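Just data_20.txt here, compact mmCIF, C-alpha atoms and all ligand atoms:
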```txt
# COMPACT_ATOMS: atom_id res chain seq x y z
CA MET T 642 41.09 9.46 26.24
CA GLN T 643 37.66 8.10 25.62
CA ARG T 644 35.49 9.53 22.96
CA ILE T 645 31.81 9.05 22.54
CA ILE T 646 31.23 7.97 18.99
CA MET T 647 27.89 9.05 17.68
CA THR T 648 26.58 7.12 14.74
CA ALA T 649 25.12 9.59 12.37
CA GLU T 650 21.61 8.40 11.67
CA ASN T 651 20.16 9.66 8.42
CA SER T 652 16.78 11.30 8.36
CA VAL T 653 15.06 8.43 6.56
CA ALA T 654 16.27 5.99 9.21
CA LYS T 655 15.12 8.31 11.98
CA ALA T 656 11.70 8.79 10.45
CA LEU T 657 11.28 5.05 9.90
CA ARG T 658 12.15 4.35 13.51
CA SER T 659 9.65 6.90 14.73
CA VAL T 660 6.90 5.62 12.40
CA GLY T 661 7.66 2.08 13.59
CA GLU T 662 7.23 3.15 17.21
CA ARG T 663 3.97 4.92 16.42
CA ILE T 664 2.68 1.80 14.61
CA GLN T 665 3.53 -0.31 17.66
CA ALA T 666 1.80 2.10 20.02
CA ALA T 667 -1.31 2.24 17.82
CA SER T 668 -1.58 -1.54 17.53
CA VAL T 669 -1.65 -2.04 21.29
CA GLN T 670 -4.61 0.34 21.46
CA ARG T 671 -6.79 -1.99 19.41
CA THR T 672 -9.77 -3.55 21.09
CA SER T 673 -9.82 -7.33 21.47
CA THR T 674 -12.48 -7.67 18.75
CA ILE T 675 -9.96 -6.59 16.10
CA PRO T 676 -7.80 -9.35 14.57
CA SER T 677 -4.34 -8.91 16.09
CA VAL T 678 -2.44 -8.93 12.82
CA GLU T 679 0.80 -6.99 13.03
CA PRO T 680 0.44 -4.09 10.61
CA ARG T 681 2.76 -3.98 7.63
CA LEU T 682 4.40 -0.66 6.82
CA VAL T 683 4.58 0.16 3.13
CA ALA T 684 7.08 2.97 2.62
CA VAL T 685 5.67 5.02 -0.26
CA SER T 686 8.71 6.12 -2.22
CA LYS T 687 7.00 7.69 -5.25
CA THR T 688 8.89 10.66 -6.71
CA LYS T 689 11.78 9.95 -4.30
CA PRO T 690 15.25 8.89 -5.45
CA VAL T 691 16.71 5.39 -5.34
CA SER T 692 19.24 6.58 -2.75
CA MET T 693 16.42 7.04 -0.22
CA ILE T 694 15.06 3.57 -0.94
CA LEU T 695 18.53 2.15 -0.29
CA GLU T 696 18.73 4.05 3.01
CA ALA T 697 15.37 2.70 4.09
CA TYR T 698 16.20 -0.84 3.00
CA GLN T 699 19.44 -0.75 4.97
CA THR T 700 17.47 -0.09 8.16
CA GLY T 701 15.38 -3.22 7.51
CA GLN T 702 12.43 -1.77 5.61
CA ARG T 703 11.26 -4.28 2.98
CA ASN T 704 7.87 -3.13 1.62
CA PHE T 705 7.83 -0.15 -0.73
CA GLY T 706 4.93 1.44 -2.59
CA GLU T 707 4.84 3.23 -5.93
CA ASN T 708 1.88 4.61 -7.82
CA TYR T 709 3.20 5.22 -11.32
CA VAL T 710 3.81 2.17 -13.49
CA GLN T 711 6.87 3.55 -15.26
CA GLU T 712 8.48 4.67 -12.00
CA LEU T 713 8.00 1.25 -10.41
CA VAL T 714 9.36 -0.46 -13.52
CA ASP T 715 12.42 1.81 -13.50
CA LYS T 716 13.15 1.58 -9.78
CA SER T 717 12.62 -2.17 -9.59
CA HIS T 718 15.11 -2.63 -12.45
CA ASP T 719 17.69 -0.24 -11.00
CA ALA T 720 21.04 -2.04 -10.90
CA THR T 721 21.90 -1.04 -7.32
CA ILE T 722 18.47 -2.01 -6.02
CA ARG T 723 18.72 -5.35 -7.83
CA GLU T 724 22.09 -5.96 -6.25
CA GLN T 725 21.57 -4.65 -2.72
CA CYS T 726 17.84 -5.10 -2.11
CA THR T 727 17.26 -8.71 -3.01
CA ASP T 728 14.29 -9.11 -0.61
CA ILE T 729 12.54 -5.89 -1.54
CA ARG T 730 8.76 -6.17 -1.89
CA TRP T 731 7.14 -3.75 -4.29
CA HIS T 732 3.51 -2.74 -3.85
CA TYR T 733 1.74 -1.07 -6.73
CA ILE T 734 -0.69 1.44 -5.21
CA GLY T 735 -1.71 3.62 -8.16
CA HIS T 736 -4.57 3.42 -10.60
CA LEU T 737 -3.86 0.66 -13.09
CA GLN T 738 -5.04 0.66 -16.68
CA SER T 739 -5.42 -2.71 -18.37
CA ASN T 740 -3.00 -1.71 -21.14
CA LYS T 741 -0.24 -1.12 -18.55
CA VAL T 742 -0.57 -4.51 -16.85
CA LYS T 743 2.03 -6.29 -18.90
CA LYS T 744 4.55 -3.54 -18.29
CA LEU T 745 3.87 -3.47 -14.55
CA LEU T 746 4.30 -7.23 -14.26
CA SER T 747 7.77 -6.98 -15.80
CA SER T 748 8.93 -5.46 -12.48
CA PRO T 749 11.21 -7.78 -10.50
CA ASN T 750 10.11 -8.41 -6.89
CA LEU T 751 6.57 -7.22 -7.49
CA TYR T 752 4.80 -8.37 -4.33
CA MET T 753 1.34 -6.92 -4.38
CA VAL T 754 -1.07 -4.98 -6.56
CA GLU T 755 -3.24 -3.01 -4.14
CA THR T 756 -5.55 -1.42 -6.66
CA VAL T 757 -7.66 -4.03 -8.46
CA ASP T 758 -10.85 -2.14 -9.24
CA SER T 759 -12.68 -4.22 -11.84
CA ARG T 760 -13.22 -7.78 -13.03
CA LYS T 761 -11.63 -6.76 -16.32
CA LEU T 762 -8.43 -5.63 -14.62
CA ALA T 763 -8.35 -8.80 -12.50
CA SER T 764 -8.68 -10.92 -15.64
CA GLU T 765 -5.95 -8.98 -17.39
CA LEU T 766 -3.60 -9.50 -14.42
CA GLU T 767 -4.50 -13.20 -14.42
CA LYS T 768 -3.88 -13.52 -18.15
CA HIS T 769 -0.34 -12.14 -17.91
CA TRP T 770 0.67 -13.41 -14.46
CA SER T 771 -0.38 -16.98 -15.30
CA LYS T 772 2.47 -16.99 -17.83
CA GLU T 773 4.99 -16.10 -15.10
CA THR T 774 5.09 -19.68 -13.92
CA ASP T 775 8.18 -19.41 -11.72
CA ARG T 776 7.11 -16.31 -9.79
CA GLY T 777 4.50 -17.80 -7.42
CA THR T 778 1.20 -16.11 -6.73
CA LEU T 779 0.69 -12.39 -7.01
CA ARG T 780 -1.14 -10.89 -4.04
CA VAL T 781 -3.93 -8.48 -4.83
CA PHE T 782 -6.15 -6.12 -2.87
CA VAL T 783 -9.49 -4.99 -4.21
CA GLN T 784 -9.67 -1.20 -4.05
CA VAL T 785 -12.96 0.17 -2.76
CA ASN T 786 -14.16 3.71 -3.38
CA THR T 787 -15.50 4.20 0.13
CA SER T 788 -16.03 7.95 -0.13
CA GLY T 789 -18.01 7.81 -3.37
CA GLU T 790 -15.98 10.71 -4.78
CA ALA T 791 -16.00 10.65 -8.57
CA ASN T 792 -12.25 11.32 -8.88
CA LYS T 793 -11.34 8.23 -6.82
CA SER T 794 -10.87 4.81 -8.36
CA GLY T 795 -12.22 1.69 -6.78
CA VAL T 796 -15.31 -0.48 -6.89
CA SER T 797 -18.37 0.62 -5.00
CA PRO T 798 -18.91 -1.09 -1.63
CA GLU T 799 -21.83 -2.98 -3.22
CA GLU T 800 -19.68 -4.37 -6.05
CA CYS T 801 -16.85 -5.42 -3.77
CA SER T 802 -17.90 -9.02 -3.01
CA GLY T 803 -18.60 -9.64 -6.69
CA VAL T 804 -15.05 -8.72 -7.68
CA VAL T 805 -13.64 -10.88 -4.89
CA ARG T 806 -15.80 -13.79 -6.11
CA HIS T 807 -14.45 -13.25 -9.60
CA LEU T 808 -10.89 -13.50 -8.25
CA PHE T 809 -11.63 -16.82 -6.57
CA ASP T 810 -13.58 -18.23 -9.51
CA ASN T 811 -11.49 -17.05 -12.45
CA CYS T 812 -8.04 -15.93 -11.31
CA PRO T 813 -6.14 -18.91 -9.87
CA SER T 814 -2.72 -17.23 -10.29
CA LEU T 815 -3.74 -14.31 -8.11
CA GLU T 816 -4.07 -14.45 -4.34
CA PHE T 817 -6.85 -12.35 -2.91
CA ALA T 818 -5.26 -10.73 0.16
CA GLY T 819 -7.71 -8.04 1.21
CA LEU T 820 -9.32 -4.67 0.60
CA MET T 821 -7.81 -1.24 0.13
CA THR T 822 -9.15 2.29 0.31
CA ILE T 823 -7.73 5.77 0.00
CA GLY T 824 -10.71 7.55 1.53
CA SER T 825 -11.44 11.25 1.57
CA PHE T 826 -8.58 13.50 2.60
CA ASP T 827 -10.50 16.07 4.55
CA HIS T 828 -11.88 13.95 7.35
CA SER T 829 -10.96 15.39 10.72
CA LEU T 830 -10.52 12.86 13.51
CA ASP T 831 -12.07 15.46 15.83
CA ASP T 832 -15.32 14.40 14.18
CA GLY T 833 -14.87 10.77 15.23
CA PRO T 834 -13.72 7.62 13.40
CA ASN T 835 -13.07 7.98 9.68
CA PRO T 836 -16.27 6.82 7.93
CA ASP T 837 -14.23 5.52 4.96
CA PHE T 838 -12.37 3.13 7.21
CA GLN T 839 -15.63 2.03 8.83
CA CYS T 840 -17.01 1.42 5.34
CA LEU T 841 -14.00 -0.76 4.40
CA ILE T 842 -14.45 -2.74 7.64
CA ARG T 843 -18.10 -3.39 6.67
CA CYS T 844 -17.02 -4.40 3.15
CA ARG T 845 -14.74 -6.99 4.69
CA GLU T 846 -17.64 -8.37 6.74
CA ASP T 847 -19.72 -8.71 3.56
CA VAL T 848 -16.89 -10.33 1.63
CA CYS T 849 -16.18 -12.80 4.43
CA LYS T 850 -19.83 -13.73 4.66
CA GLU T 851 -20.43 -14.06 0.92
CA CYS T 852 -17.20 -15.89 0.16
CA SER T 853 -16.98 -17.85 3.46
CA LEU T 854 -13.62 -16.40 4.45
CA ASP T 855 -11.97 -16.10 7.82
CA ILE T 856 -11.80 -12.42 8.87
CA ASP T 857 -8.18 -12.85 10.02
CA LYS T 858 -7.22 -13.79 6.46
CA VAL T 859 -8.59 -10.67 4.79
CA GLU T 860 -6.35 -7.66 5.18
CA LEU T 861 -7.29 -3.99 5.25
CA SER T 862 -4.99 -1.50 3.50
CA MET T 863 -5.90 1.90 4.90
CA GLY T 864 -4.07 4.78 6.52
CA MET T 865 -1.44 7.20 5.20
CA SER T 866 0.89 9.76 6.77
CA HIS T 867 -1.82 11.84 8.38
CA ASP T 868 -4.00 9.05 9.73
CA PHE T 869 -2.11 5.74 9.93
CA GLU T 870 -2.36 5.49 13.71
CA HIS T 871 -6.12 5.91 13.65
CA ALA T 872 -6.33 3.39 10.79
CA ILE T 873 -4.36 0.83 12.79
CA SER T 874 -6.40 1.40 15.92
CA VAL T 875 -9.54 0.44 13.97
CA GLY T 876 -7.93 -2.57 12.29
CA SER T 877 -5.69 -1.64 9.35
CA THR T 878 -3.12 -4.34 8.58
CA ASN T 879 -1.28 -2.40 5.87
CA VAL T 880 -0.47 1.30 6.11
CA ARG T 881 0.97 3.28 3.20
CA VAL T 882 3.19 6.04 4.52
CA GLY T 883 5.13 8.38 2.24
CA SER T 884 5.85 11.96 3.23
CA THR T 885 6.32 11.23 6.93
CA ILE T 886 9.22 8.94 5.99
CA PHE T 887 10.71 10.57 2.91
CA GLY T 888 9.65 14.19 3.31
CA ALA T 889 7.06 16.21 1.40
CA ARG T 890 6.84 15.57 -2.32
CA GLU T 891 7.65 18.33 -4.79
CA LYS T 892 4.41 18.34 -6.70
CA ALA T 893 1.62 16.05 -7.77
CA LYS T 894 2.41 14.37 -11.08
CA SER T 895 -1.13 13.32 -11.88
CA LYS T 896 -4.60 13.77 -10.58
CA SER T 897 -4.60 10.36 -8.93
CA GLU T 898 -1.91 11.68 -6.64
CA PRO T 899 -3.25 12.61 -3.21
CA PRO T 900 -2.44 16.20 -2.24
CA VAL T 901 0.59 16.70 -0.04
CA LYS T 902 -0.59 17.83 3.36
CA ASN T 903 1.72 20.35 4.87
CA LYS T 904 0.77 21.26 8.39
CA GLU T 905 2.98 24.36 8.37
CA GLU T 906 1.13 25.88 5.47
CA PRO T 907 -2.38 27.29 5.78
CA ALA T 908 -4.77 25.61 3.37
C1 LIG S 1 1.05 8.80 -2.14
C2 LIG S 1 0.17 7.75 -1.57
C3 LIG S 1 0.25 7.40 -0.21
C4 LIG S 1 1.20 8.07 0.76
O1 LIG S 1 0.77 9.35 1.08
P1 LIG S 1 1.47 10.20 2.26
O2 LIG S 1 0.43 11.18 2.65
O3 LIG S 1 2.68 10.82 1.68
O4 LIG S 1 1.79 9.26 3.36
C5 LIG S 1 -0.57 6.39 0.24
N1 LIG S 1 -1.43 5.75 -0.60
C6 LIG S 1 -1.54 6.06 -1.89
C7 LIG S 1 -2.51 5.32 -2.73
C8 LIG S 1 -0.75 7.07 -2.42
O5 LIG S 1 -0.87 7.39 -3.72
```

Have the structure of the file written as structure tokens, please.
Amino acid sequence: MQRIIMTAENSVAKALRSVGERIQAASVQRTSTIPSVEPRLVAVSKTKPVSMILEAYQTGQRNFGENYVQELVDKSHDATIREQCTDIRWHYIGHLQSNKVKKLLSSPNLYMVETVDSRKLASELEKHWSKETDRGTLRVFVQVNTSGEANKSGVSPEECSGVVRHLFDNCPSLEFAGLMTIGSFDHSLDDGPNPDFQCLIRCREDVCKECSLDIDKVELSMGMSHDFEHAISVGSTNVRVGSTIFGAREKAKSKSEPPVKNKEEPA
């Protein structure tokens, strides 16, 4: 007798597959003027257990994002992750204080710091990373406060090129990889393209002009669970998706934590 054997697919694997398909579909909708860089999916695992990271890694996911220094330090040192996830790439996506830099950089497999928001922070990263001589370059994004909201970190759009210049002139151990924004949470796509994303696109134009860079070489980190497809369609190369992959988070641990959007619940 023949039996159909169903492989039980866990929910993280299912969600990752669906997000992957949506990323694909969104990237083919881009106009030809947008650099055709395949977008990278950063699975934002903050507040979620190591077991879920292992599940995601086993399906082929490699880039993971965390926004608390201590949590990234702990997870990146976890014995099972060290043993089973040798190619994991950690992205730090939270606000970074200069006095936490050294601690953050102790994380194995740290791949990218997405939230450089001052010359001072860049210099502090340079100071400590330059001592890590066998770890290659550390990729960094400059975070831009595109919405101008006081509670958001990031340089102003006007300061952006200056910080990028500083990276090139004074931070040889760091590799400038692009620009990042969180943007305001309450933009409705019914009102047209997200102005924060348009602002980040303009910042990239300025940076490329002022630092003579090729636009294809400067990434844009924008888009989260509720808007990653739109972000990709306008040119994001790096989307940071948490709750759609791992489920809603319990509660915000700090004020830098974006609110959890729950469509089922009235605001
Ligand atoms: C938490 C977080 C995300 C992911 O948010 P979701 O809405 O769960 O996808 C993305 N970027 C940053 C900076 C975050 O802190």

All residues within 10 Å of ligand LIG 1 (chain S) are required, counting only C-alpha atoms and all ligand atoms; please report them as a PDB file with C-alpha atoms, in the coordinates of the input.
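So the final result, stored in part28.pdb, reads:
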```pdb
ATOM      1  CA  VAL T 683       4.580   0.160   3.130  1.00  0.00           C
ATOM      2  CA  ALA T 684       7.080   2.970   2.620  1.00  0.00           C
ATOM      3  CA  VAL T 685       5.670   5.020  -0.260  1.00  0.00           C
ATOM      4  CA  SER T 686       8.710   6.120  -2.220  1.00  0.00           C
ATOM      5  CA  LYS T 687       7.000   7.690  -5.250  1.00  0.00           C
ATOM      6  CA  THR T 688       8.890  10.660  -6.710  1.00  0.00           C
ATOM      7  CA  GLY T 706       4.930   1.440  -2.590  1.00  0.00           C
ATOM      8  CA  GLU T 707       4.840   3.230  -5.930  1.00  0.00           C
ATOM      9  CA  ASN T 708       1.880   4.610  -7.820  1.00  0.00           C
ATOM     10  CA  TYR T 709       3.200   5.220 -11.320  1.00  0.00           C
ATOM     11  CA  TYR T 733       1.740  -1.070  -6.730  1.00  0.00           C
ATOM     12  CA  ILE T 734      -0.690   1.440  -5.210  1.00  0.00           C
ATOM     13  CA  GLY T 735      -1.710   3.620  -8.160  1.00  0.00           C
ATOM     14  CA  HIS T 736      -4.570   3.420 -10.600  1.00  0.00           C
ATOM     15  CA  GLU T 755      -3.240  -3.010  -4.140  1.00  0.00           C
ATOM     16  CA  THR T 756      -5.550  -1.420  -6.660  1.00  0.00           C
ATOM     17  CA  GLN T 784      -9.670  -1.200  -4.050  1.00  0.00           C
ATOM     18  CA  MET T 821      -7.810  -1.240   0.130  1.00  0.00           C
ATOM     19  CA  THR T 822      -9.150   2.290   0.310  1.00  0.00           C
ATOM     20  CA  ILE T 823      -7.730   5.770   0.000  1.00  0.00           C
ATOM     21  CA  GLY T 824     -10.710   7.550   1.530  1.00  0.00           C
ATOM     22  CA  PHE T 826      -8.580  13.500   2.600  1.00  0.00           C
ATOM     23  CA  SER T 862      -4.990  -1.500   3.500  1.00  0.00           C
ATOM     24  CA  MET T 863      -5.900   1.900   4.900  1.00  0.00           C
ATOM     25  CA  GLY T 864      -4.070   4.780   6.520  1.00  0.00           C
ATOM     26  CA  MET T 865      -1.440   7.200   5.200  1.00  0.00           C
ATOM     27  CA  SER T 866       0.890   9.760   6.770  1.00  0.00           C
ATOM     28  CA  HIS T 867      -1.820  11.840   8.380  1.00  0.00           C
ATOM     29  CA  ASP T 868      -4.000   9.050   9.730  1.00  0.00           C
ATOM     30  CA  PHE T 869      -2.110   5.740   9.930  1.00  0.00           C
ATOM     31  CA  VAL T 880      -0.470   1.300   6.110  1.00  0.00           C
ATOM     32  CA  ARG T 881       0.970   3.280   3.200  1.00  0.00           C
ATOM     33  CA  VAL T 882       3.190   6.040   4.520  1.00  0.00           C
ATOM     34  CA  GLY T 883       5.130   8.380   2.240  1.00  0.00           C
ATOM     35  CA  SER T 884       5.850  11.960   3.230  1.00  0.00           C
ATOM     36  CA  THR T 885       6.320  11.230   6.930  1.00  0.00           C
ATOM     37  CA  ILE T 886       9.220   8.940   5.990  1.00  0.00           C
ATOM     38  CA  PHE T 887      10.710  10.570   2.910  1.00  0.00           C
ATOM     39  CA  GLY T 888       9.650  14.190   3.310  1.00  0.00           C
ATOM     40  CA  ALA T 889       7.060  16.210   1.400  1.00  0.00           C
ATOM     41  CA  ARG T 890       6.840  15.570  -2.320  1.00  0.00           C
ATOM     42  CA  ALA T 893       1.620  16.050  -7.770  1.00  0.00           C
ATOM     43  CA  SER T 897      -4.600  10.360  -8.930  1.00  0.00           C
ATOM     44  CA  GLU T 898      -1.910  11.680  -6.640  1.00  0.00           C
ATOM     45  CA  PRO T 899      -3.250  12.610  -3.210  1.00  0.00           C
ATOM     46  CA  PRO T 900      -2.440  16.200  -2.240  1.00  0.00           C
ATOM     47  CA  VAL T 901       0.590  16.700  -0.040  1.00  0.00           C
ATOM     48  CA  LYS T 902      -0.590  17.830   3.360  1.00  0.00           C
ATOM     49  CA  ASN T 903       1.720  20.350   4.870  1.00  0.00           C
TER      50      ASN T 903
END
```

Per-axis box centre and lengths in Å around region 863-871 of chain T, 5 Å margin per side, axis-aligned, as lines of an AutoDock Vina configuration file:
```
center_x = -2.6
center_y = 6.9
center_z = 9.3
size_x = 17.0
size_y = 19.9
size_z = 18.8
```

### Given all atoms listed in the file as the counted atoms, nearest of T:Val691, T:Leu762, T:Val660, T:Leu751 to Gly777 (chain T)
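Under the stated criterion, the closest residue is T:Leu751.
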
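Comparing the minimum interatomic distances between Phe817 (chain T) and each of T:Asn651, T:Asn835, T:Thr778, T:Thr787, counting only C-alpha atoms, we find that T:Thr778 sits nearest.
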
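Nearest to Ile729 (chain T) of all the residues T:Glu790, T:Glu799, T:Phe705, T:Glu712 is T:Phe705, counting only C-alpha atoms.
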
Report as JSON lines: every residue of region 737-809 of chain T with an atom at most 10 Å from region 718-724 of chain T, its closest pair of atoms, and their distance in Å to one decimal, counting all atoms listed in the file, with rows sorted by chain and ascending residue number.
```
{"residue": "T:Ser747", "atom": "CA", "partner": "T:His718", "partner_atom": "CA", "distance": 9.2}
{"residue": "T:Ser748", "atom": "CA", "partner": "T:His718", "partner_atom": "CA", "distance": 6.8}
{"residue": "T:Pro749", "atom": "CA", "partner": "T:His718", "partner_atom": "CA", "distance": 6.7}
{"residue": "T:Asn750", "atom": "CA", "partner": "T:Arg723", "partner_atom": "CA", "distance": 9.2}
```

### Message
Give me the residues near Thr774 (chain T) as number ranges by chain, where near means some atom within 12 Å (using only C-alpha atoms) and where sequence neighbours in that chain fewer than 4 positions away do not count.
### Response
T: 767-770, 778-779, 813-815

### Task
Excluding Ala697 (chain T) and any residue of its chain fewer than 5 positions from it, enumerate the residues within 9 Å of it, using only C-alpha atoms, and give them as a list in words.
Val653, Ala654, Leu657, Ala684, Ser692, Gln702, Arg703 and Ile886 of chain T

### Task
Can you work out the spacing between CA of Ser759 (chain T) and CA of Gln839 (chain T) in Å, to one decimal?
21.8 Å

### Query
What does the distance from CA of Val742 (chain T) to CA of Glu891 (chain T) come to in Å, to one decimal?
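CA of Val742 (chain T) sits 27.1 Å away from CA of Glu891 (chain T).
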
### Task
Skip Arg843 (chain T) itself and residues of its chain fewer than 6 positions away, then list as a count of residues only all residues within 12 Å of it, counting all atoms listed in the file.
15

### Task
Within 9 Å of Cys812 (chain T), counting all atoms listed in the file, which residues show up once you throw out same-chain ones fewer than 4 positions away? Write them as a list of chain:residue names, please.
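Once the nearby chain positions are removed, what remains is T:Ala763, T:Ser764, T:Leu766, T:Glu767, T:Lys768, T:Ser771, T:His807, T:Leu808, T:Glu816.
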
### Contacts of Pro680 (chain T) at 8 Å (only C-alpha atoms; same-chain gap of 3+ positions) as a PyMOL selection string
chain T and resi 664+668+873+877-880

Can I get the selected residues back with C-alpha atoms, as a tab-separated table (two decimals), in the coordinates of the input?
```tsv
chain	number	residue	atom	x	y	z
T	664	ILE	CA	2.68	1.80	14.61
T	668	SER	CA	-1.58	-1.54	17.53
T	873	ILE	CA	-4.36	0.83	12.79
T	877	SER	CA	-5.69	-1.64	9.35
T	878	THR	CA	-3.12	-4.34	8.58
T	879	ASN	CA	-1.28	-2.40	5.87
T	880	VAL	CA	-0.47	1.30	6.11
```

#### Entry: d(CA of Leu746 (chain T), CA of Ala791 (chain T)) in Å
27.6 Å

## Note on the structure
Nearest to Ser794 (chain T), restricted to only C-alpha atoms and choosing among T:Gly833, T:Leu737, T:Lys858, T:Asn704, comes out as T:Leu737

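Distances here use all atoms listed in the file; by that measure, the residue among T:Met753, T:Leu745, T:Ile842, T:Ala818 closest to Glu765 (chain T) is T:Leu745.
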
### Task
Compare T:Val714, T:Leu830, T:Leu695, T:Val754 by their minimum atom-to-atom distance to Thr727 (chain T), counting all atoms listed in the file, and give me the closest one.
T:Leu695

Can you put N, CA and C atoms back into region 833-851 of chain T and show it as a PDB file, in the frame of the given file?
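As written to disk, part_7.pdb reads:
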```pdb
ATOM      1  N   GLY T 833     -14.660  12.190  14.949  1.00  0.00           N
ATOM      2  CA  GLY T 833     -14.870  10.770  15.230  1.00  0.00           C
ATOM      3  C   GLY T 833     -14.166   9.894  14.219  1.00  0.00           C
ATOM      4  N   PRO T 834     -14.410   8.559  14.295  1.00  0.00           N
ATOM      5  CA  PRO T 834     -13.720   7.620  13.400  1.00  0.00           C
ATOM      6  C   PRO T 834     -13.952   7.963  11.938  1.00  0.00           C
ATOM      7  N   ASN T 835     -12.962   7.707  11.116  1.00  0.00           N
ATOM      8  CA  ASN T 835     -13.070   7.980   9.680  1.00  0.00           C
ATOM      9  C   ASN T 835     -14.129   7.060   9.050  1.00  0.00           C
ATOM     10  N   PRO T 836     -15.190   7.645   8.494  1.00  0.00           N
ATOM     11  CA  PRO T 836     -16.270   6.820   7.930  1.00  0.00           C
ATOM     12  C   PRO T 836     -15.798   5.936   6.769  1.00  0.00           C
ATOM     13  N   ASP T 837     -14.754   6.347   6.052  1.00  0.00           N
ATOM     14  CA  ASP T 837     -14.230   5.520   4.960  1.00  0.00           C
ATOM     15  C   ASP T 837     -13.633   4.227   5.504  1.00  0.00           C
ATOM     16  N   PHE T 838     -12.945   4.325   6.618  1.00  0.00           N
ATOM     17  CA  PHE T 838     -12.370   3.130   7.210  1.00  0.00           C
ATOM     18  C   PHE T 838     -13.476   2.216   7.752  1.00  0.00           C
ATOM     19  N   GLN T 839     -14.510   2.827   8.339  1.00  0.00           N
ATOM     20  CA  GLN T 839     -15.630   2.030   8.830  1.00  0.00           C
ATOM     21  C   GLN T 839     -16.324   1.320   7.668  1.00  0.00           C
ATOM     22  N   CYS T 840     -16.395   2.014   6.537  1.00  0.00           N
ATOM     23  CA  CYS T 840     -17.010   1.420   5.340  1.00  0.00           C
ATOM     24  C   CYS T 840     -16.185   0.220   4.871  1.00  0.00           C
ATOM     25  N   LEU T 841     -14.860   0.349   4.861  1.00  0.00           N
ATOM     26  CA  LEU T 841     -14.000  -0.760   4.400  1.00  0.00           C
ATOM     27  C   LEU T 841     -14.132  -1.959   5.352  1.00  0.00           C
ATOM     28  N   ILE T 842     -14.267  -1.668   6.646  1.00  0.00           N
ATOM     29  CA  ILE T 842     -14.450  -2.740   7.640  1.00  0.00           C
ATOM     30  C   ILE T 842     -15.756  -3.499   7.349  1.00  0.00           C
ATOM     31  N   ARG T 843     -16.816  -2.739   7.006  1.00  0.00           N
ATOM     32  CA  ARG T 843     -18.100  -3.390   6.670  1.00  0.00           C
ATOM     33  C   ARG T 843     -17.984  -4.186   5.369  1.00  0.00           C
ATOM     34  N   CYS T 844     -17.231  -3.653   4.402  1.00  0.00           N
ATOM     35  CA  CYS T 844     -17.020  -4.400   3.150  1.00  0.00           C
ATOM     36  C   CYS T 844     -16.364  -5.745   3.451  1.00  0.00           C
ATOM     37  N   ARG T 845     -15.406  -5.727   4.355  1.00  0.00           N
ATOM     38  CA  ARG T 845     -14.740  -6.990   4.690  1.00  0.00           C
ATOM     39  C   ARG T 845     -15.728  -7.982   5.306  1.00  0.00           C
ATOM     40  N   GLU T 846     -16.632  -7.475   6.156  1.00  0.00           N
ATOM     41  CA  GLU T 846     -17.640  -8.370   6.740  1.00  0.00           C
ATOM     42  C   GLU T 846     -18.485  -9.011   5.642  1.00  0.00           C
ATOM     43  N   ASP T 847     -18.919  -8.183   4.681  1.00  0.00           N
ATOM     44  CA  ASP T 847     -19.720  -8.710   3.560  1.00  0.00           C
ATOM     45  C   ASP T 847     -18.962  -9.762   2.772  1.00  0.00           C
ATOM     46  N   VAL T 848     -17.711  -9.421   2.433  1.00  0.00           N
ATOM     47  CA  VAL T 848     -16.890 -10.330   1.630  1.00  0.00           C
ATOM     48  C   VAL T 848     -16.705 -11.650   2.366  1.00  0.00           C
ATOM     49  N   CYS T 849     -16.412 -11.572   3.648  1.00  0.00           N
ATOM     50  CA  CYS T 849     -16.180 -12.800   4.430  1.00  0.00           C
ATOM     51  C   CYS T 849     -17.426 -13.660   4.477  1.00  0.00           C
ATOM     52  N   LYS T 850     -18.577 -12.996   4.607  1.00  0.00           N
ATOM     53  CA  LYS T 850     -19.830 -13.730   4.660  1.00  0.00           C
ATOM     54  C   LYS T 850     -20.115 -14.374   3.298  1.00  0.00           C
ATOM     55  N   GLU T 851     -20.030 -13.559   2.244  1.00  0.00           N
ATOM     56  CA  GLU T 851     -20.430 -14.060   0.920  1.00  0.00           C
ATOM     57  C   GLU T 851     -19.438 -15.056   0.334  1.00  0.00           C
TER      58      GLU T 851
END
```
